[in-house]
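> Input start-v7.txt, format and content: compact mmCIF, C-alpha atoms.
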# COMPACT_ATOMS: atom_id res chain seq x y z
CA MET A 1 14.05 92.55 -107.65
CA SER A 2 13.14 88.87 -107.45
CA ASP A 3 10.41 86.24 -107.69
CA ILE A 4 9.90 86.43 -103.92
CA LEU A 5 9.12 90.13 -104.16
CA GLU A 6 6.42 89.40 -106.72
CA GLU A 7 4.96 86.76 -104.39
CA ILE A 8 4.93 89.17 -101.47
CA ARG A 9 3.23 91.85 -103.57
CA SER A 10 0.53 89.40 -104.67
CA ARG A 11 -1.10 89.44 -101.19
CA GLY A 12 -1.41 91.71 -98.19
CA HIS A 13 2.04 92.96 -97.23
CA TRP A 14 4.23 95.54 -95.53
CA LYS A 15 6.81 97.79 -97.16
CA VAL A 16 9.25 99.53 -94.82
CA VAL A 17 11.99 102.06 -95.58
CA VAL A 18 14.26 103.42 -92.84
CA HIS A 19 17.19 105.75 -93.42
CA PRO A 20 18.92 108.81 -91.97
CA ALA A 21 17.20 112.06 -92.93
CA ARG A 22 20.50 113.35 -94.32
CA PHE A 23 21.76 111.38 -97.33
CA ASP A 24 25.38 110.20 -97.35
CA GLU A 25 26.17 107.59 -99.99
CA GLY A 26 29.21 106.30 -98.09
CA ARG A 27 27.88 106.58 -94.55
CA VAL A 28 29.09 103.02 -93.90
CA PRO A 29 32.43 102.99 -95.77
CA ILE A 30 33.03 99.23 -95.63
CA LYS A 31 30.29 96.97 -96.97
CA SER A 32 31.35 94.09 -94.71
CA ALA A 33 30.24 96.23 -91.73
CA LEU A 34 26.59 96.18 -92.84
CA LEU A 35 25.66 92.74 -91.51
CA PRO A 36 27.15 93.33 -88.03
CA ILE A 37 25.20 96.61 -87.86
CA LEU A 38 21.96 94.75 -88.64
CA GLU A 39 22.80 92.08 -86.07
CA ARG A 40 23.07 94.80 -83.41
CA SER A 41 19.91 96.55 -84.59
CA LYS A 42 17.55 93.61 -85.15
CA VAL A 43 14.48 93.31 -82.94
CA ARG A 44 12.80 90.14 -81.67
CA LEU A 45 9.34 90.75 -80.22
CA TRP A 46 7.79 87.43 -81.24
CA GLY A 47 8.83 84.17 -82.92
CA TRP A 48 11.40 85.64 -85.31
CA SER A 49 13.51 88.74 -85.58
CA PHE A 50 12.99 91.89 -87.63
CA PRO A 51 14.78 91.64 -89.98
CA PHE A 52 15.16 87.85 -90.20
CA LEU A 53 18.89 87.05 -90.25
CA ASP A 54 19.29 83.28 -89.94
CA ASP A 55 22.45 82.16 -91.76
CA TYR A 56 20.79 79.45 -93.84
CA MET A 57 18.64 81.92 -95.78
CA GLU A 58 19.61 82.95 -99.31
CA GLU A 59 21.99 85.91 -99.43
CA SER A 60 22.45 88.48 -102.18
CA GLU A 61 24.50 91.63 -102.60
CA GLY A 62 25.23 94.52 -104.93
CA PRO A 63 27.95 97.13 -105.23
CA ASP A 64 26.75 99.01 -102.13
CA TRP A 65 24.22 96.73 -100.41
CA ILE A 66 23.57 93.33 -98.87
CA GLY A 67 20.25 91.51 -98.80
CA ARG A 68 18.39 88.36 -97.96
CA GLU A 69 15.28 86.55 -99.16
CA VAL A 70 13.24 84.46 -96.76
CA LYS A 71 10.41 82.02 -97.40
CA TYR A 72 9.44 79.83 -94.48
CA ASP A 73 5.71 79.35 -93.78
CA PRO A 74 4.23 81.71 -92.72
CA LEU A 75 7.24 84.04 -92.99
CA ILE A 76 8.08 85.54 -96.37
CA GLU A 77 10.25 88.63 -96.66
CA LEU A 78 12.97 90.39 -98.62
CA TRP A 79 15.34 93.02 -97.30
CA ARG A 80 18.23 95.12 -98.53
CA PHE A 81 20.61 97.26 -96.50
CA TYR A 82 22.73 99.94 -98.18
CA GLN A 83 25.98 101.65 -97.27
CA SER A 84 24.02 104.93 -97.24
CA GLY A 85 22.23 103.59 -94.14
CA GLN A 86 18.99 102.90 -96.00
CA PHE A 87 17.13 99.75 -95.02
CA LEU A 88 14.39 98.41 -97.32
CA HIS A 89 12.08 95.61 -96.19
CA TYR A 90 9.11 93.84 -97.80
CA SER A 91 7.16 91.18 -95.91
CA GLY A 92 3.92 89.28 -96.29
CA MET A 93 1.30 89.27 -93.56
CA THR A 94 1.39 85.99 -91.70
CA THR A 95 -2.38 85.44 -91.98
CA ASP A 96 -2.07 85.71 -95.76
CA TRP A 97 0.65 83.06 -95.92
CA SER A 98 -0.07 80.60 -93.13
CA LYS A 99 -1.39 77.24 -94.29
CA HIS A 100 -3.36 76.86 -91.09
CA VAL A 101 -5.07 80.16 -90.25
CA GLY A 102 -6.35 83.33 -91.79
CA THR A 103 -8.70 82.69 -94.70
CA PHE A 104 -12.31 81.68 -94.84
CA SER A 105 -15.23 81.95 -97.25
CA GLY A 106 -17.82 84.55 -96.38
CA TRP A 107 -18.22 86.72 -93.31
CA PRO A 108 -19.22 85.64 -89.82
CA SER A 109 -22.99 85.52 -89.37
CA GLN A 110 -23.33 89.16 -88.30
CA TRP A 111 -21.84 90.21 -91.66
CA HIS A 112 -23.80 87.89 -93.96
CA GLU A 113 -27.02 89.82 -94.44
CA GLY A 114 -27.08 91.89 -97.61
CA LYS A 115 -23.48 91.07 -98.53
CA THR A 116 -21.94 88.79 -101.12
CA ARG A 117 -19.92 85.87 -99.82
CA GLU A 118 -16.31 85.95 -100.95
CA LEU A 119 -12.91 84.85 -99.73
CA LYS A 120 -11.73 87.02 -96.87
CA VAL A 121 -8.47 87.14 -94.94
CA LEU A 122 -8.23 88.01 -91.28
CA LEU A 123 -6.01 90.92 -90.29
CA ASP A 124 -4.39 90.06 -86.99
CA ILE A 125 -4.41 92.90 -84.43
CA LYS A 126 -1.45 91.28 -82.70
CA GLU A 127 0.61 91.32 -85.87
CA VAL A 128 -0.21 94.98 -86.54
CA ILE A 129 0.71 96.07 -83.01
CA ILE A 130 3.93 94.07 -83.02
CA ARG A 131 5.02 95.07 -86.51
CA PHE A 132 4.74 98.80 -85.87
CA ALA A 133 6.53 98.37 -82.53
CA GLU A 134 9.41 96.42 -84.03
CA ILE A 135 9.82 98.85 -86.95
CA LEU A 136 10.10 101.81 -84.56
CA GLU A 137 12.40 99.89 -82.23
CA PHE A 138 14.60 98.82 -85.15
CA ALA A 139 14.83 102.43 -86.36
CA ALA A 140 15.80 103.56 -82.85
CA ARG A 141 18.55 100.97 -82.62
CA LEU A 142 19.80 101.67 -86.15
CA SER A 143 19.96 105.41 -85.39
CA SER A 144 22.65 104.75 -82.77
CA THR A 145 24.93 102.85 -85.17
CA GLN A 146 27.31 103.98 -87.88
CA ALA A 147 24.39 103.73 -90.33
CA GLY A 148 22.23 106.15 -88.34
CA ASP A 149 22.07 109.87 -87.66
CA ASP A 150 20.48 112.34 -85.26
CA GLN A 151 17.26 112.31 -87.32
CA MET A 152 15.73 109.28 -88.99
CA HIS A 153 13.19 109.01 -91.79
CA LEU A 154 10.65 106.17 -91.85
CA GLU A 155 8.16 105.15 -94.52
CA ILE A 156 5.70 102.33 -93.90
CA GLU A 157 3.13 101.11 -96.39
CA VAL A 158 0.39 98.59 -95.62
CA VAL A 159 -0.68 97.23 -98.99
CA GLY A 160 -3.39 94.95 -100.33
CA ILE A 161 -5.62 94.58 -97.26
CA GLU A 162 -8.85 95.81 -98.85
CA ASN A 163 -10.19 92.22 -98.74
CA HIS A 164 -9.30 91.70 -95.07
CA LEU A 165 -11.42 91.60 -91.94
CA LEU A 166 -10.11 92.99 -88.68
CA ARG A 167 -10.72 90.67 -85.73
CA VAL A 168 -11.26 92.89 -82.71
CA SER A 169 -11.53 90.05 -80.21
CA GLN A 170 -9.20 87.15 -79.46
CA SER A 171 -11.88 85.18 -77.62
CA LYS A 172 -13.50 82.42 -79.70
CA GLU A 173 -16.73 82.93 -77.80
CA LEU A 174 -16.76 86.66 -78.48
CA ASP A 175 -15.34 86.92 -81.99
CA ARG A 176 -16.09 90.29 -83.52
CA PHE A 177 -14.99 91.38 -86.97
CA ARG A 178 -14.76 94.73 -88.72
CA GLU A 179 -14.92 95.26 -92.45
CA MET A 180 -12.93 98.05 -94.10
CA THR A 181 -15.04 101.20 -94.11
CA ASN A 182 -12.88 103.15 -96.56
CA PRO A 183 -11.10 100.56 -98.74
CA SER A 184 -7.68 101.50 -100.01
CA HIS A 185 -5.09 99.32 -101.74
CA LYS A 186 -2.22 101.16 -100.05
CA ILE A 187 -2.15 102.87 -96.64
CA PRO A 188 1.03 104.95 -96.21
CA PHE A 189 2.70 106.31 -93.08
CA GLU A 190 5.71 108.64 -93.00
CA PHE A 191 7.80 110.01 -90.12
CA ASP A 192 10.85 112.20 -89.57
CA LEU A 193 11.95 111.62 -86.01
CA PRO A 194 14.84 113.02 -83.97
CA LEU A 195 17.01 110.29 -82.46
CA LEU A 196 16.22 111.29 -78.86
CA GLU A 197 12.45 111.22 -79.40
CA LEU A 198 12.66 107.97 -81.31
CA LYS A 199 14.58 106.24 -78.53
CA ALA A 200 12.56 107.75 -75.66
CA ASN A 201 9.04 107.14 -77.02
CA THR A 202 9.39 104.11 -79.27
CA ARG A 203 6.32 102.19 -78.17
CA GLU A 204 4.08 105.23 -77.84
CA LEU A 205 5.09 106.34 -81.35
CA ALA A 206 4.26 102.85 -82.63
CA LEU A 207 0.66 103.13 -81.39
CA LYS A 208 -0.16 106.13 -83.59
CA PRO A 209 0.04 104.38 -86.99
CA ALA A 210 -1.62 101.28 -85.53
CA ALA A 211 -4.59 103.38 -84.39
CA GLU A 212 -4.81 105.02 -87.82
CA LEU A 213 -4.75 101.65 -89.56
CA PHE A 214 -7.50 100.31 -87.29
CA SER A 215 -9.59 103.39 -88.06
CA TYR A 216 -9.83 102.22 -91.67
CA PHE A 217 -12.00 99.45 -90.26
CA GLY A 218 -14.09 101.84 -88.19
CA TRP A 219 -12.44 100.58 -85.00
CA ASN A 220 -11.30 103.39 -82.69
CA PRO A 221 -10.71 101.86 -79.25
CA GLY A 222 -8.75 104.79 -77.79
CA GLY A 223 -5.17 105.10 -76.60
CA ALA A 224 -5.62 103.40 -73.24
CA ILE A 225 -7.04 100.21 -74.76
CA LEU A 226 -4.32 100.10 -77.43
CA ARG A 227 -1.64 100.54 -74.75
CA ASP A 228 -3.12 97.62 -72.83
CA ILE A 229 -3.15 95.45 -75.96
CA GLN A 230 0.42 96.47 -76.76
CA ALA A 231 1.54 95.58 -73.24
CA GLU A 232 -0.13 92.18 -73.53
CA VAL A 233 1.21 91.20 -76.94
CA LEU A 234 4.72 92.44 -76.17
CA THR A 235 4.77 90.45 -72.91
CA PRO A 236 4.13 86.85 -74.04
CA ALA A 237 4.16 85.44 -70.51
CA LEU A 238 1.02 87.34 -69.58
CA PRO A 239 -2.43 85.85 -70.31
CA ARG A 240 -4.25 87.67 -73.11
CA ALA A 241 -7.80 88.85 -72.59
CA GLY A 242 -10.39 89.23 -75.34
CA TRP A 243 -9.91 92.48 -77.23
CA VAL A 244 -13.53 93.51 -77.56
Write out the structure in this file as structure tokens.


Amino acid sequence: MSDILEEIRSRGHWKVVVHPARFDEGRVPIKSALLPILERSKVRLWGWSFPFLDDYMEESEGPDWIGREVKYDPLIELWRFYQSGQFLHYSGMTTDWSKHVGTFSGWPSQWHEGKTRELKVLLDIKEVIIRFAEILEFAARLSSTQAGDDQMHLEIEVVGIENHLLRVSQSKELDRFREMTNPSHKIPFEFDLPLLELKANTRELALKPAAELFSYFGWNPGGAILRDIQAEVLTPALPRAGWV
């Protein structure tokens, strides 16, 4: 697709596909209607929206789609939206792209013994919780537009995180890290969800893939703890406790 896509794929990243379960090539008959649909469907749960739609970013288009490429530290993403209602989104993980946080050489002291020091990248629990929530919320909003239908199909891939450490505490005094217990270059998730269920249970549905992803690091905190974390990170005004 582009140089930016190759950059995104070179590090830990997300791939997201959302579309109606029933294919209709001309579901949105007029291409100029695509951007307004995205504007109504976009989700903002933290510093920027999903998808990112600021006007100054580079635009592209094809016969039946519009798209945008974004590169603004630590945000890097590419998306395309088709008249069939399909939305395709690639994005880098912020800890992989930030110039200020995320990478360090070797493990924390409790991981040093018997292991080889190498460059590791932190996987941010907050980013995982928020990303799954905004994907599900975006799909719910899109389902109610001209580009949606009464059943939506979602595919999410978490790629290239086999060299990441999961930080399971946000307290500097109580930092705890988890190494991947069953390394995999690509972790896929796939859903077919009726519109009513998608809209009624968005945040609960978002916890299921997050819990599965965390299990790859041997971290299984249980639904109640994940709900508490989700409530904290999706309510920025509240103080955040350590996630031990």

> Select, from A:Val43, A:Leu165, A:Ala139, A:Val128, the residue with the minimum atom-to-atom distance to Ala211 (chain A), counting all atoms listed in the file.

A:Val128

> Mind pulling up the distance from CA of Glu77 (chain A) to CA of Pro194 (chain A)?

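The value is 27.9 Å.
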
> Taking into account only C-alpha atoms, which residue in the set A:Asp96, A:Gly62, A:Asp54, A:Pro20 is nearest to Glu7 (chain A)?

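Among the listed residues, the smallest separation from Glu7 (chain A) belongs to A:Asp96.
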
> Could you please determine the separation between CA of Gly92 (chain A) and CA of Ile8 (chain A) in Å, to one decimal place?

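About the pair CA of Gly92 (chain A) and CA of Ile8 (chain A): they are 5.3 Å apart.
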
> Restricting the calculation to all atoms listed in the file: of A:Gly26, A:Gly222, A:Gly160, A:Pro74, which residue gets closest to Ala147 (chain A)?

A:Gly26

> Just to confirm, what's the straight-line distance from CA of Leu198 (chain A) to CA of Asp24 (chain A) in Å (one decimal)?

20.6 Å

> What would the list of residues within 7 Å of (-2.9, 100.6, -91.5) (file frame) look like as an MDAnalysis selection string, if all atoms listed in the file are what count?

chainID A and resid 158 187 209:210 212:214

> Near Ala140 (chain A), within 8 Å and counting only C-alpha atoms, which residues show up once chain neighbours fewer than 4 positions away are dropped, as a PyMOL selection string?

chain A and resi 136+144+195+198-199+202

> So which one's closest to Asp124 (chain A), A:Leu166, A:Leu5, A:Met152, A:Met180? Using all atoms listed in the file, please.

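Looking only at the distances to Asp124 (chain A), the closest residue turns out to be A:Leu166.
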
> Using all atoms listed in the file, which of the listed residues (A:Phe132, A:Phe138, A:Trp14, A:Tyr82) sits closest to Pro51 (chain A)?

A:Phe138

> Looking at A:Arg22, A:Arg80, A:Arg227, A:Arg141, which one is nearest to Glu61 (chain A), with distances taken over all atoms listed in the file?

A:Arg80

> Counting only C-alpha atoms, which residues come within 10 Å of (21.1, 92.4, -102.6), with the point read in the file's coordinates, and could you list them as a ChimeraX atom specification?

/A:1-2,59-69,78-82
